[in-house]
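These notes concern the structure reproduced below.
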Amino acid sequence: MHIFFSDIKHLWKNKLTFRAAVCYLLGFVLLALLLPWLPLPFGPNELHLNQVYQPPFESANSQLHLFGTDALGRDVFVNTLYGARTAFFISFPVAAITLVLGLTAGVAAGYFGNSGFRVSRASFLGVLASISFMVYLGLYIPLKAELLLPGHPLALVSLGALLLLLLLLWFVVVPLLQKFAAFRETMALPLDQLLLRLIETFTSIPRLIFILVLSSFLPPTVLLLTIILVLTYWTGTARLARAEMLKIKHLPYFESARSLGLTSWSLIFRHALPNMLGPLLVSFTFGLASLLAFESTLSFLGIGIPNEIASWGRMIAGIRHNTAAWWLLAFPGGFLLLTVFALQVCNYFILTLIQQKKL
Amino acid sequence: MAAFLFRRLFYGLVALWLISTLIFLLSRLLPGSFGAQILEAESFYSKGSQGSREAAYQAYLQRTGLDQPVFYFSISSSAEPAGIRHIFPESDRLLLRQLAWQYGNPELATAYFRALKQFDNPVEQPGQLQLKARIQKLHASIDPETISSTTDSIYQLLQGQQQGLVLRSAAEALIGDRQPYRALWPAFSWHGVHNQYHRWFSDVLQGDLGKSYRDSGAVQDLILQAVGTTWWILFFSMVLTGFLALELSILFVRQKGGKWRRLLLPLLFFLDRIPVFILALLLLILFASPAFLQLFPVYGMGAYYVGSQSWPERFASLFPYMVLPVICLVCVNLPYITNQFYRSLADVSQADFTRTAKAKGLSEGRVIRRHMLRNALFPIITLLSDFLPALVAGVVVIETVFAIPGIGRLLIESVLARDYPVLVGVVLVVALFRVISHFVSDLFYGLADPRIRLRS
């Protein structure tokens with residue numbers, strides 16, 4: 001892990017392009033975080049109906065619209081900046097959650113394989129029961145109750161009942177079941193097969209189509225979009241983490257660590273995870289670049305993201321009504337491309353670093 | 001070999017079934033269907049009475065099969081009233097649900113609700129306005145005090161008429177028999193084969209994908225029509241991409257190609273990251289807009305000819321409309337495909353038989369095209385199966401930008417209009433397409449590489 005960071009430091013010192021890209025990305029993050037406190041002349045949804053389709057760098061009525069305005073007189077410059085903020089706040093959390101989710105699933109599947117994960121029948125039944133309780137009492141009833149009777153204590157009662165049931169289950173029922181030999185017997189969970197089948201199902205239709213369909217069922221909100229994106233993006237990281245784990249599992253150092261009798265926990269966290277840091281970082285930046293592009297594609301199509309939120313795609317979509325207004329595409333699109341390219345450059349350097357180390 | 005192929009096909013079909021079932025169930029379980037929205041809209045032009053609108057809604061449910069339960073069984077809260085999907089409009093449904101959840105007794109809540117609905121078409125009588133105001137108050141309230149006091153005053157207002165008595169006793173029963181936490185208890189009900197899923201699935205197996213909510217056209221006809229347009233774009237861009245990728249990778253792998261490789265590979269690398277819609281819009285405003293160069297028509301797929309057209313004529317009329325979309329799709333897919341071709345060729349160029357071929361004194365072009373290419377092409381076959389669905393996804397954006405009436409546009413339109421039968425149909429067709437292309441690539445791969453055939 002230390003070596004990896006010192007390699008990155010080395011890159012930072014020697015490669016100017018890498019340094020430029022990282023600086024740009026840091027600036028981008030800072031801009032996205034600090035934007036509401038910056039002194040901007042207009043709001044992102046502020047309309048100026050007397051100044052529509054104003055070309056960039058021209059001032060009219062003593063109001064300078066730096067990057068011009070769109071069909072409703074919204075300032076392109078401000079919208080481009082706010083679009084960056086929206087893109088960041090959607091793609092960064094999604095990429096982070098995806099990383100954690102995919103890593104957990106992939107590492108578990110790669111490490112335990114089809115026969116390595118054994119649980120007693122009693123705990124297996126306990127897990128199944130817990131999941132059904134959580135879905136019904138923890139999700140269905142509280143959501144329905146909040147929807148139908150806001151302010152009614154039903155939701156809280158339901159969550160309380162869930163807690164009580166879970167305590168009862170794990171401290172009374174499961175230990176009681178463990179007393180019987182038939183329930184104490186362990187069974188292997190085919191984690192690897194499960195994960196592969198799940199990935200196959202989730203990737204059986206192209207991602208864009210899957211997201212379009214899912215978002216048509218739900219009202220367009222940022223939270224729901226995040227959930228949908230996580231649902232469709234975790235498969236890539238999971239696949240990568242599984243492959244890396246399988247590779248590491250057969251390396252001599254890992255086998256000797258295992259023969260020392262270390263626990264699975266320390267094997268995974270101390271010995272496997274630091275070794276896959278590089279590929280994971282690449283997958284993270286790659287996912288981030290892809291999500292940025294994806295977010296703007298969705299907002300361009302007008303699907304999944306509420307129309308009141310400023311985004312690059314919303315601004316760019318305006319050009320379809322007036323193909324002469326090139327600035328609607330040039331500035332938000334250019335900003336988007338620059339960000340994606342910066343991520344790509346970082347990716348490229350880290351990838352070559354990993355490949356060099358392999359040789 | 002056969003066992004391997006069938007196992008792959010089986011898994012593919014299972015994934016297809018799972019995903020289409022998931023999407024069908026989601027589309028039916030989540031609220032807000034297209035028809036209900038239209039029928040509920042109380043616009044200036046729809047002067048129909050409440051009763052006629054309700055009759056129309058029931059007929060709509062009957063016609064689309066939406067009156068049946070969604071799946072073979074259902075698990076819901078036991079406070080959920082039965083037959084809720086027949087209640088119309090949405091606000092009444094909400095009221096009944098709220099009553100049932102608040103008092104935890106769906107049967108009494110339904111009885112009270114029915115008694116309340118008796119007042120919807122009242123006969124002319126004195127005190128009409130007061131009665132109406134009170135009924136409206138009851139429609140907006142689930143609070144026990146308001147309900148009991150209002151039903152009381154209605155009873156007094158009607159001076160002992162049957163209706164008032166029924167309403168008051170229903171309200172008393174409801175308020176008296178409260179079971180506040182019954183909602184926590186689940187209710188399991190078995191519906192048998194008379195459900196929407198069973199109906200949909202057996203129709204799909206017979207090749208019937210249902211009817212569009214928007215124009216009642218058969219979904220399979222709509223899809224077939226759209227695929228007809230998309231197919232040509234896909235076909236041309238695939239052929240062109242394949243050809244360009246092959247030639248570029250041969251160029252890169254040549255001895256003298258190093259210069260080109262250093263120049264073009266980073267370029268392709270960046271081209272790969274440009275989002276499709278930006279590329280498409282760029283092409284559109286540069287080459288099809290009056291503000292810059294107007295070389296190609298902007299939108300659509302040409303005029304619709306009623307008369308019979310010969311094959312070349314039809315193609316010639318379509319050609320100008322297809323240039324930009326095809327270029328766009330080629331640009332989007334070229335980097336990845338070229339990279340894969342080049343990698344595969346570069347691997348083969350290290351092989352012993354290549355060295356032997358070179359040592360025999362064959363020319364470089366001959367070594368590449370006769371000896372290396374055949375072996376390099378094997379891994380590329382699997383690429384086809386990933387390539388086709390990616391193309392379909394690209395088509396969604398491109399058809400939207402260039403306004404081409406193909407499958408991608410059909411999908412976007414049905415998403416925006418929440419036309420679920422079309423949506424589910426498109427997803428099913430795309431997923432089926434993918435399963436077939438996987439199967440074909442497995443087949444070819446097995447045929448091309450005897451090692452795979454023999455191993456399994």
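Simple scheme: letters A, B, ... for chains in structure tokens order, numbers from 1 for residues in each chain, numbers from 1 for ligands in the order shown.
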
| Residues of chain B within 6 Å of chain A, only C-alpha atoms counted, as a list of chain:residue names |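 Written out as asked, the residues are B:Ala15, B:Gln98, B:Pro275, B:Ile285, B:Ala291, B:Val415, B:Ala431.
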
With N, CA and C atoms retained, write the just-selected residues as a tab-separated table (two decimals), in the first residue's frame.
```tsv
chain	number	residue	atom	x	y	z
B	15	ALA	N	-32.04	-15.98	-17.54
B	15	ALA	CA	-31.79	-14.56	-17.24
B	15	ALA	C	-32.81	-13.69	-17.96
B	98	GLN	N	-56.83	5.08	3.27
B	98	GLN	CA	-56.51	5.79	4.52
B	98	GLN	C	-57.44	5.34	5.63
B	275	PRO	N	-19.21	11.28	-25.02
B	275	PRO	CA	-20.57	10.74	-24.95
B	275	PRO	C	-21.25	10.80	-26.33
B	285	ILE	N	-24.90	19.78	-35.88
B	285	ILE	CA	-24.81	21.22	-36.12
B	285	ILE	C	-23.70	21.55	-37.12
B	291	ALA	N	-26.79	26.97	-40.20
B	291	ALA	CA	-25.82	27.93	-39.68
B	291	ALA	C	-24.40	27.60	-40.11
B	415	VAL	N	-41.20	5.46	-22.84
B	415	VAL	CA	-40.78	5.81	-21.47
B	415	VAL	C	-41.44	7.11	-21.06
B	431	ALA	N	-33.47	-8.02	-25.14
B	431	ALA	CA	-32.82	-9.07	-24.36
B	431	ALA	C	-32.77	-10.38	-25.14
```

| query | Excluding same-chain residues fewer than 6 positions from Thr98 of chain A, what lies within 12 Å of it counting only C-alpha atoms, as a list of chain:residue names? | reply |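 Near Thr98 of chain A, the qualifying residues are A:Ser91, A:Phe92, A:Thr104, A:Ala105, A:Gly106, A:Thr226, A:Ile227, A:Ile228, A:Leu229, A:Val230, A:Leu231, A:Thr232, A:Tyr233, A:Trp234, A:Thr235, A:Gly236, A:Thr237, A:Ala238, A:Arg239, A:Ala241, A:Leu280, A:Ser283, A:Phe284, A:Thr285, A:Gly287, A:Leu288, A:Leu291.
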
| message | To one decimal place in Å, what is the distance between atom CA of Thr230 of chain B and atom CA of Ser289 of chain B? | response |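 It comes out at 23.1 Å.
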
Near Tyr336 of chain B, counting only C-alpha atoms, which residues have an atom at most 12 Å away, once you skip same-chain residues fewer than 4 positions from it, shown as an mmCIF file with N, CA, C and O atoms, in the first residue's frame?
```cif
data_model
loop_
_atom_site.group_PDB
_atom_site.id
_atom_site.type_symbol
_atom_site.label_atom_id
_atom_site.label_comp_id
_atom_site.auth_asym_id
_atom_site.auth_seq_id
_atom_site.Cartn_x
_atom_site.Cartn_y
_atom_site.Cartn_z
ATOM 1 N N THR B 241 -17.797 -0.420 -39.350
ATOM 2 C CA THR B 241 -16.920 -0.482 -38.178
ATOM 3 C C THR B 241 -15.981 -1.673 -38.272
ATOM 4 O O THR B 241 -14.781 -1.558 -38.025
ATOM 5 N N GLY B 242 -16.549 -2.819 -38.642
ATOM 6 C CA GLY B 242 -15.724 -4.020 -38.745
ATOM 7 C C GLY B 242 -14.603 -3.831 -39.746
ATOM 8 O O GLY B 242 -13.436 -4.122 -39.466
ATOM 9 N N LEU B 244 -13.270 -0.984 -40.985
ATOM 10 C CA LEU B 244 -12.292 0.025 -40.564
ATOM 11 C C LEU B 244 -11.399 -0.511 -39.450
ATOM 12 O O LEU B 244 -10.180 -0.312 -39.468
ATOM 13 N N ALA B 245 -12.018 -1.193 -38.496
ATOM 14 C CA ALA B 245 -11.244 -1.701 -37.368
ATOM 15 C C ALA B 245 -10.216 -2.707 -37.851
ATOM 16 O O ALA B 245 -9.057 -2.705 -37.409
ATOM 17 N N LEU B 246 -10.626 -3.550 -38.788
ATOM 18 C CA LEU B 246 -9.713 -4.554 -39.316
ATOM 19 C C LEU B 246 -8.537 -3.890 -40.009
ATOM 20 O O LEU B 246 -7.368 -4.196 -39.743
ATOM 21 N N SER B 249 -6.239 -2.046 -37.550
ATOM 22 C CA SER B 249 -5.410 -2.905 -36.703
ATOM 23 C C SER B 249 -4.312 -3.560 -37.537
ATOM 24 O O SER B 249 -3.199 -3.766 -37.037
ATOM 25 N N LEU B 265 -3.830 5.799 -31.927
ATOM 26 C CA LEU B 265 -4.359 5.118 -30.737
ATOM 27 C C LEU B 265 -4.812 6.091 -29.639
ATOM 28 O O LEU B 265 -5.902 5.942 -29.107
ATOM 29 N N LEU B 268 -8.061 7.607 -30.752
ATOM 30 C CA LEU B 268 -9.185 6.684 -30.567
ATOM 31 C C LEU B 268 -9.544 6.573 -29.091
ATOM 32 O O LEU B 268 -10.708 6.488 -28.721
ATOM 33 N N PHE B 269 -8.507 6.583 -28.278
ATOM 34 C CA PHE B 269 -8.649 6.522 -26.836
ATOM 35 C C PHE B 269 -9.555 7.652 -26.337
ATOM 36 O O PHE B 269 -10.440 7.456 -25.514
ATOM 37 N N PHE B 270 -9.345 8.841 -26.874
ATOM 38 C CA PHE B 270 -10.178 9.969 -26.464
ATOM 39 C C PHE B 270 -11.549 9.941 -27.122
ATOM 40 O O PHE B 270 -12.542 10.298 -26.497
ATOM 41 N N LEU B 271 -11.597 9.493 -28.358
ATOM 42 C CA LEU B 271 -12.876 9.393 -29.059
ATOM 43 C C LEU B 271 -13.817 8.484 -28.285
ATOM 44 O O LEU B 271 -15.027 8.704 -28.221
ATOM 45 N N ASP B 272 -13.213 7.461 -27.667
ATOM 46 C CA ASP B 272 -13.992 6.480 -26.920
ATOM 47 C C ASP B 272 -14.747 7.120 -25.762
ATOM 48 O O ASP B 272 -15.797 6.652 -25.358
ATOM 49 N N ARG B 273 -14.201 8.194 -25.199
ATOM 50 C CA ARG B 273 -14.809 8.764 -24.010
ATOM 51 C C ARG B 273 -15.824 9.859 -24.313
ATOM 52 O O ARG B 273 -16.441 10.397 -23.394
ATOM 53 N N VAL B 330 -20.421 4.562 -35.952
ATOM 54 C CA VAL B 330 -19.086 4.030 -36.243
ATOM 55 C C VAL B 330 -18.063 4.659 -35.312
ATOM 56 O O VAL B 330 -17.252 3.963 -34.694
ATOM 57 N N CYS B 331 -18.129 5.979 -35.174
ATOM 58 C CA CYS B 331 -17.169 6.678 -34.308
ATOM 59 C C CYS B 331 -17.268 6.176 -32.877
ATOM 60 O O CYS B 331 -16.266 6.059 -32.179
ATOM 61 N N VAL B 332 -18.487 5.896 -32.434
ATOM 62 C CA VAL B 332 -18.668 5.480 -31.047
ATOM 63 C C VAL B 332 -18.061 4.111 -30.804
ATOM 64 O O VAL B 332 -17.454 3.864 -29.767
ATOM 65 N N GLN B 340 -9.523 -4.064 -29.592
ATOM 66 C CA GLN B 340 -9.610 -5.515 -29.422
ATOM 67 C C GLN B 340 -8.939 -6.236 -30.588
ATOM 68 O O GLN B 340 -8.171 -7.169 -30.396
ATOM 69 N N PHE B 341 -9.207 -5.783 -31.817
ATOM 70 C CA PHE B 341 -8.603 -6.401 -33.003
ATOM 71 C C PHE B 341 -7.084 -6.304 -32.913
ATOM 72 O O PHE B 341 -6.377 -7.269 -33.154
ATOM 73 N N TYR B 342 -6.617 -5.132 -32.541
ATOM 74 C CA TYR B 342 -5.179 -4.890 -32.506
ATOM 75 C C TYR B 342 -4.500 -5.769 -31.453
ATOM 76 O O TYR B 342 -3.473 -6.389 -31.707
ATOM 77 N N ARG B 343 -5.123 -5.843 -30.268
ATOM 78 C CA ARG B 343 -4.568 -6.691 -29.208
ATOM 79 C C ARG B 343 -4.451 -8.134 -29.672
ATOM 80 O O ARG B 343 -3.424 -8.789 -29.476
ATOM 81 N N ILE B 380 -12.225 -12.710 -31.606
ATOM 82 C CA ILE B 380 -13.064 -11.571 -31.973
ATOM 83 C C ILE B 380 -14.523 -11.979 -32.114
ATOM 84 O O ILE B 380 -15.432 -11.166 -31.929
ATOM 85 N N LEU B 383 -16.641 -11.125 -29.393
ATOM 86 C CA LEU B 383 -16.856 -9.686 -29.315
ATOM 87 C C LEU B 383 -18.208 -9.310 -29.902
ATOM 88 O O LEU B 383 -18.884 -8.411 -29.429
ATOM 89 N N LEU B 384 -18.579 -10.043 -30.964
ATOM 90 C CA LEU B 384 -19.839 -9.771 -31.651
ATOM 91 C C LEU B 384 -20.999 -9.749 -30.668
ATOM 92 O O LEU B 384 -21.865 -8.890 -30.740
ATOM 93 N N ASP B 386 -21.067 -8.987 -27.586
ATOM 94 C CA ASP B 386 -21.121 -7.781 -26.757
ATOM 95 C C ASP B 386 -21.387 -6.550 -27.596
ATOM 96 O O ASP B 386 -21.910 -5.545 -27.119
ATOM 97 N N PHE B 387 -20.997 -6.659 -28.852
ATOM 98 C CA PHE B 387 -21.049 -5.508 -29.734
ATOM 99 C C PHE B 387 -22.498 -5.141 -30.075
ATOM 100 O O PHE B 387 -22.894 -3.983 -30.024
ATOM 101 N N ALA B 390 -24.505 -3.280 -27.432
ATOM 102 C CA ALA B 390 -23.941 -1.941 -27.264
ATOM 103 C C ALA B 390 -24.444 -1.035 -28.381
ATOM 104 O O ALA B 390 -24.763 0.131 -28.160
#
```

| field | Filtered DSSP result for segment 105-241 of chain A, state helix (DSSP H, G or I), as a PyMOL selection string | value | chain A and resi 105-112+121-148+154-177+181-184+191-202+207-217+222-241

| field | Glu399 of chain B surroundings by only C-alpha atoms, 10 Å radius, close-in-sequence under 3 positions cut, as a list in words | value |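 The contact residues come out as Thr230, Ile233, Phe277, Ala280, Tyr299, Gly300, Pro325, Gly394, Val395, Val396, Phe402, Ala403, Ile404, Pro405, Gly406, Ile407, Gly408, Arg409, Leu410 and Ile412 of chain B.
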
| request: May I have the residues within 12 Å of Arg19 of chain A as number ranges by chain, using only C-alpha atoms and disregarding those fewer than 5 positions away in the same chain? | output: A: 8-14, 24-26, 342-343, 345-346, 349

Just write the chosen residues, all heavy atoms, as a short mmCIF file (atom, residue, chain, number, x, y, z; two decimals), in the first residue's frame.
```
data_model
loop_
_atom_site.label_atom_id
_atom_site.label_comp_id
_atom_site.auth_asym_id
_atom_site.auth_seq_id
_atom_site.Cartn_x
_atom_site.Cartn_y
_atom_site.Cartn_z
N ILE A 8 2.49 6.77 -6.81
CA ILE A 8 1.63 7.87 -7.24
C ILE A 8 2.37 9.21 -7.05
O ILE A 8 2.31 10.10 -7.90
CB ILE A 8 0.32 7.87 -6.42
CG1 ILE A 8 -0.44 6.58 -6.67
CG2 ILE A 8 -0.53 9.08 -6.72
CD1 ILE A 8 -1.53 6.62 -7.65
N LYS A 9 3.08 9.31 -5.93
CA LYS A 9 3.83 10.54 -5.67
C LYS A 9 4.88 10.75 -6.75
O LYS A 9 5.11 11.86 -7.23
CB LYS A 9 4.50 10.42 -4.29
CG LYS A 9 4.24 11.65 -3.41
CD LYS A 9 4.90 11.47 -2.07
CE LYS A 9 3.92 11.14 -0.97
NZ LYS A 9 4.57 10.75 0.28
N HIS A 10 5.49 9.63 -7.13
CA HIS A 10 6.51 9.67 -8.17
C HIS A 10 5.90 10.18 -9.49
O HIS A 10 6.45 11.05 -10.16
CB HIS A 10 7.07 8.26 -8.35
CG HIS A 10 8.18 8.17 -9.34
ND1 HIS A 10 9.45 8.64 -9.08
CD2 HIS A 10 8.21 7.68 -10.60
CE1 HIS A 10 10.21 8.44 -10.14
NE2 HIS A 10 9.48 7.86 -11.08
N LEU A 11 4.73 9.64 -9.80
CA LEU A 11 4.02 10.08 -11.01
C LEU A 11 3.77 11.59 -10.95
O LEU A 11 3.97 12.31 -11.92
CB LEU A 11 2.66 9.39 -11.08
CG LEU A 11 2.50 8.14 -11.94
CD1 LEU A 11 1.07 7.71 -11.93
CD2 LEU A 11 2.96 8.42 -13.35
N TRP A 12 3.31 12.03 -9.80
CA TRP A 12 2.96 13.44 -9.58
C TRP A 12 4.17 14.32 -9.86
O TRP A 12 4.05 15.38 -10.47
CB TRP A 12 2.46 13.60 -8.15
CG TRP A 12 2.30 14.99 -7.67
CD1 TRP A 12 3.20 15.71 -6.95
CD2 TRP A 12 1.19 15.84 -7.88
NE1 TRP A 12 2.72 16.95 -6.69
CE2 TRP A 12 1.48 17.07 -7.25
CE3 TRP A 12 -0.04 15.69 -8.53
CZ2 TRP A 12 0.59 18.14 -7.26
CZ3 TRP A 12 -0.92 16.75 -8.54
CH2 TRP A 12 -0.60 17.96 -7.91
N LYS A 13 5.35 13.85 -9.42
CA LYS A 13 6.55 14.66 -9.60
C LYS A 13 7.01 14.69 -11.05
O LYS A 13 7.43 15.73 -11.55
CB LYS A 13 7.69 14.10 -8.72
CG LYS A 13 7.71 14.75 -7.35
CD LYS A 13 8.96 14.35 -6.59
CE LYS A 13 8.76 14.63 -5.12
NZ LYS A 13 9.17 13.51 -4.29
N ASN A 14 6.91 13.52 -11.70
CA ASN A 14 7.57 13.43 -13.01
C ASN A 14 6.68 13.70 -14.21
O ASN A 14 7.17 14.14 -15.24
CB ASN A 14 8.20 12.05 -13.18
CG ASN A 14 9.30 11.85 -12.16
OD1 ASN A 14 9.69 12.80 -11.49
ND2 ASN A 14 9.78 10.64 -12.03
N TYR A 24 -6.75 19.72 -12.15
CA TYR A 24 -8.05 20.07 -12.73
C TYR A 24 -9.17 19.40 -11.94
O TYR A 24 -10.17 20.04 -11.60
CB TYR A 24 -8.10 19.66 -14.20
CG TYR A 24 -9.47 19.80 -14.78
CD1 TYR A 24 -9.93 21.04 -15.22
CD2 TYR A 24 -10.34 18.72 -14.83
CE1 TYR A 24 -11.20 21.19 -15.71
CE2 TYR A 24 -11.62 18.86 -15.31
CZ TYR A 24 -12.04 20.09 -15.76
OH TYR A 24 -13.31 20.24 -16.23
N LEU A 25 -8.98 18.12 -11.65
CA LEU A 25 -10.04 17.38 -10.95
C LEU A 25 -10.26 17.92 -9.55
O LEU A 25 -11.41 18.05 -9.10
CB LEU A 25 -9.68 15.89 -10.88
CG LEU A 25 -9.78 15.17 -12.23
CD1 LEU A 25 -9.32 13.73 -12.09
CD2 LEU A 25 -11.20 15.22 -12.76
N LEU A 26 -9.17 18.28 -8.87
CA LEU A 26 -9.31 18.87 -7.53
C LEU A 26 -10.08 20.18 -7.62
O LEU A 26 -10.97 20.46 -6.81
CB LEU A 26 -7.94 19.09 -6.90
CG LEU A 26 -7.26 17.82 -6.40
CD1 LEU A 26 -5.91 18.14 -5.80
CD2 LEU A 26 -8.14 17.12 -5.37
N ALA A 342 -9.79 14.32 -18.25
CA ALA A 342 -8.88 14.39 -17.10
C ALA A 342 -8.90 13.08 -16.33
O ALA A 342 -7.85 12.55 -15.94
CB ALA A 342 -9.26 15.55 -16.20
N LEU A 343 -10.12 12.55 -16.13
CA LEU A 343 -10.23 11.26 -15.45
C LEU A 343 -9.54 10.17 -16.24
O LEU A 343 -8.85 9.31 -15.70
CB LEU A 343 -11.71 10.91 -15.25
CG LEU A 343 -12.41 11.59 -14.10
CD1 LEU A 343 -13.89 11.37 -14.16
CD2 LEU A 343 -11.88 11.05 -12.79
N VAL A 345 -7.04 10.49 -18.28
CA VAL A 345 -5.58 10.64 -18.21
C VAL A 345 -5.06 10.01 -16.92
O VAL A 345 -4.09 9.25 -16.92
CB VAL A 345 -5.19 12.13 -18.31
CG1 VAL A 345 -3.76 12.33 -17.87
CG2 VAL A 345 -5.39 12.63 -19.72
N CYS A 346 -5.72 10.30 -15.80
CA CYS A 346 -5.32 9.71 -14.52
C CYS A 346 -5.35 8.19 -14.62
O CYS A 346 -4.42 7.49 -14.21
CB CYS A 346 -6.29 10.12 -13.41
SG CYS A 346 -6.10 11.81 -12.95
N PHE A 349 -2.41 6.71 -16.56
CA PHE A 349 -1.13 6.66 -15.85
C PHE A 349 -1.14 5.56 -14.79
O PHE A 349 -0.15 4.85 -14.60
CB PHE A 349 -0.80 8.02 -15.23
CG PHE A 349 -0.24 8.97 -16.23
CD1 PHE A 349 -0.95 10.09 -16.63
CD2 PHE A 349 1.01 8.74 -16.80
CE1 PHE A 349 -0.43 10.96 -17.57
CE2 PHE A 349 1.53 9.60 -17.74
CZ PHE A 349 0.81 10.72 -18.13
#
```

| request: Could you give me, as a ChimeraX atom specification, the residues within 8 Å of Tyr420 of chain B, counting only C-alpha atoms and dropping anything in the same chain fewer than 6 positions from it? | output: /B:27,212-213,414

Taking C-alpha atoms for each residue, export the selection above as an mmCIF file, in the first residue's frame.
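Output file again.cif follows:
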```cif
data_model
loop_
_atom_site.group_PDB
_atom_site.id
_atom_site.type_symbol
_atom_site.label_atom_id
_atom_site.label_comp_id
_atom_site.auth_asym_id
_atom_site.auth_seq_id
_atom_site.Cartn_x
_atom_site.Cartn_y
_atom_site.Cartn_z
ATOM 1 C CA SER B 27 -44.443 -1.837 -14.400
ATOM 2 C CA SER B 212 -50.065 -0.193 -26.663
ATOM 3 C CA TYR B 213 -51.781 2.028 -24.081
ATOM 4 C CA SER B 414 -42.888 4.899 -24.507
#
```

| query | Mind checking DSSP for segment 39-226 of chain A and telling me the strand (DSSP E) residues as a PyMOL selection string? | reply | chain A and resi 58-60+63-65+118-120+186-188

For N, CA and C atoms, I'd like the residues from the last selection saved as a short mmCIF file (atom, residue, chain, number, x, y, z; two decimals), in the first residue's frame.
```cif
data_model
loop_
_atom_site.label_atom_id
_atom_site.label_comp_id
_atom_site.auth_asym_id
_atom_site.auth_seq_id
_atom_site.Cartn_x
_atom_site.Cartn_y
_atom_site.Cartn_z
N GLU A 58 -21.12 38.89 -25.49
CA GLU A 58 -21.73 40.16 -25.88
C GLU A 58 -22.60 40.63 -24.73
N SER A 59 -22.50 41.91 -24.42
CA SER A 59 -23.35 42.38 -23.34
C SER A 59 -24.50 43.19 -23.91
N ALA A 60 -25.68 42.92 -23.38
CA ALA A 60 -26.86 43.69 -23.78
C ALA A 60 -27.52 44.16 -22.51
N GLN A 63 -25.98 43.83 -19.07
CA GLN A 63 -25.83 42.57 -18.36
C GLN A 63 -24.97 41.66 -19.21
N LEU A 64 -23.85 41.26 -18.66
CA LEU A 64 -22.95 40.42 -19.44
C LEU A 64 -23.29 38.95 -19.18
N HIS A 65 -23.70 38.27 -20.26
CA HIS A 65 -23.84 36.81 -20.17
C HIS A 65 -22.60 36.23 -20.83
N ARG A 118 -19.75 -21.62 4.68
CA ARG A 118 -20.64 -22.61 5.29
C ARG A 118 -21.38 -21.97 6.47
N VAL A 119 -22.68 -22.20 6.50
CA VAL A 119 -23.45 -21.74 7.66
C VAL A 119 -24.29 -22.90 8.16
N SER A 120 -24.66 -22.83 9.44
CA SER A 120 -25.54 -23.87 9.94
C SER A 120 -26.94 -23.62 9.41
N THR A 186 -24.04 -27.98 8.93
CA THR A 186 -23.77 -26.80 8.10
C THR A 186 -24.03 -27.11 6.63
N MET A 187 -24.31 -26.07 5.91
CA MET A 187 -24.51 -26.20 4.46
C MET A 187 -23.68 -25.14 3.76
N ALA A 188 -23.20 -25.47 2.55
CA ALA A 188 -22.37 -24.52 1.79
C ALA A 188 -23.26 -23.65 0.92
#
```
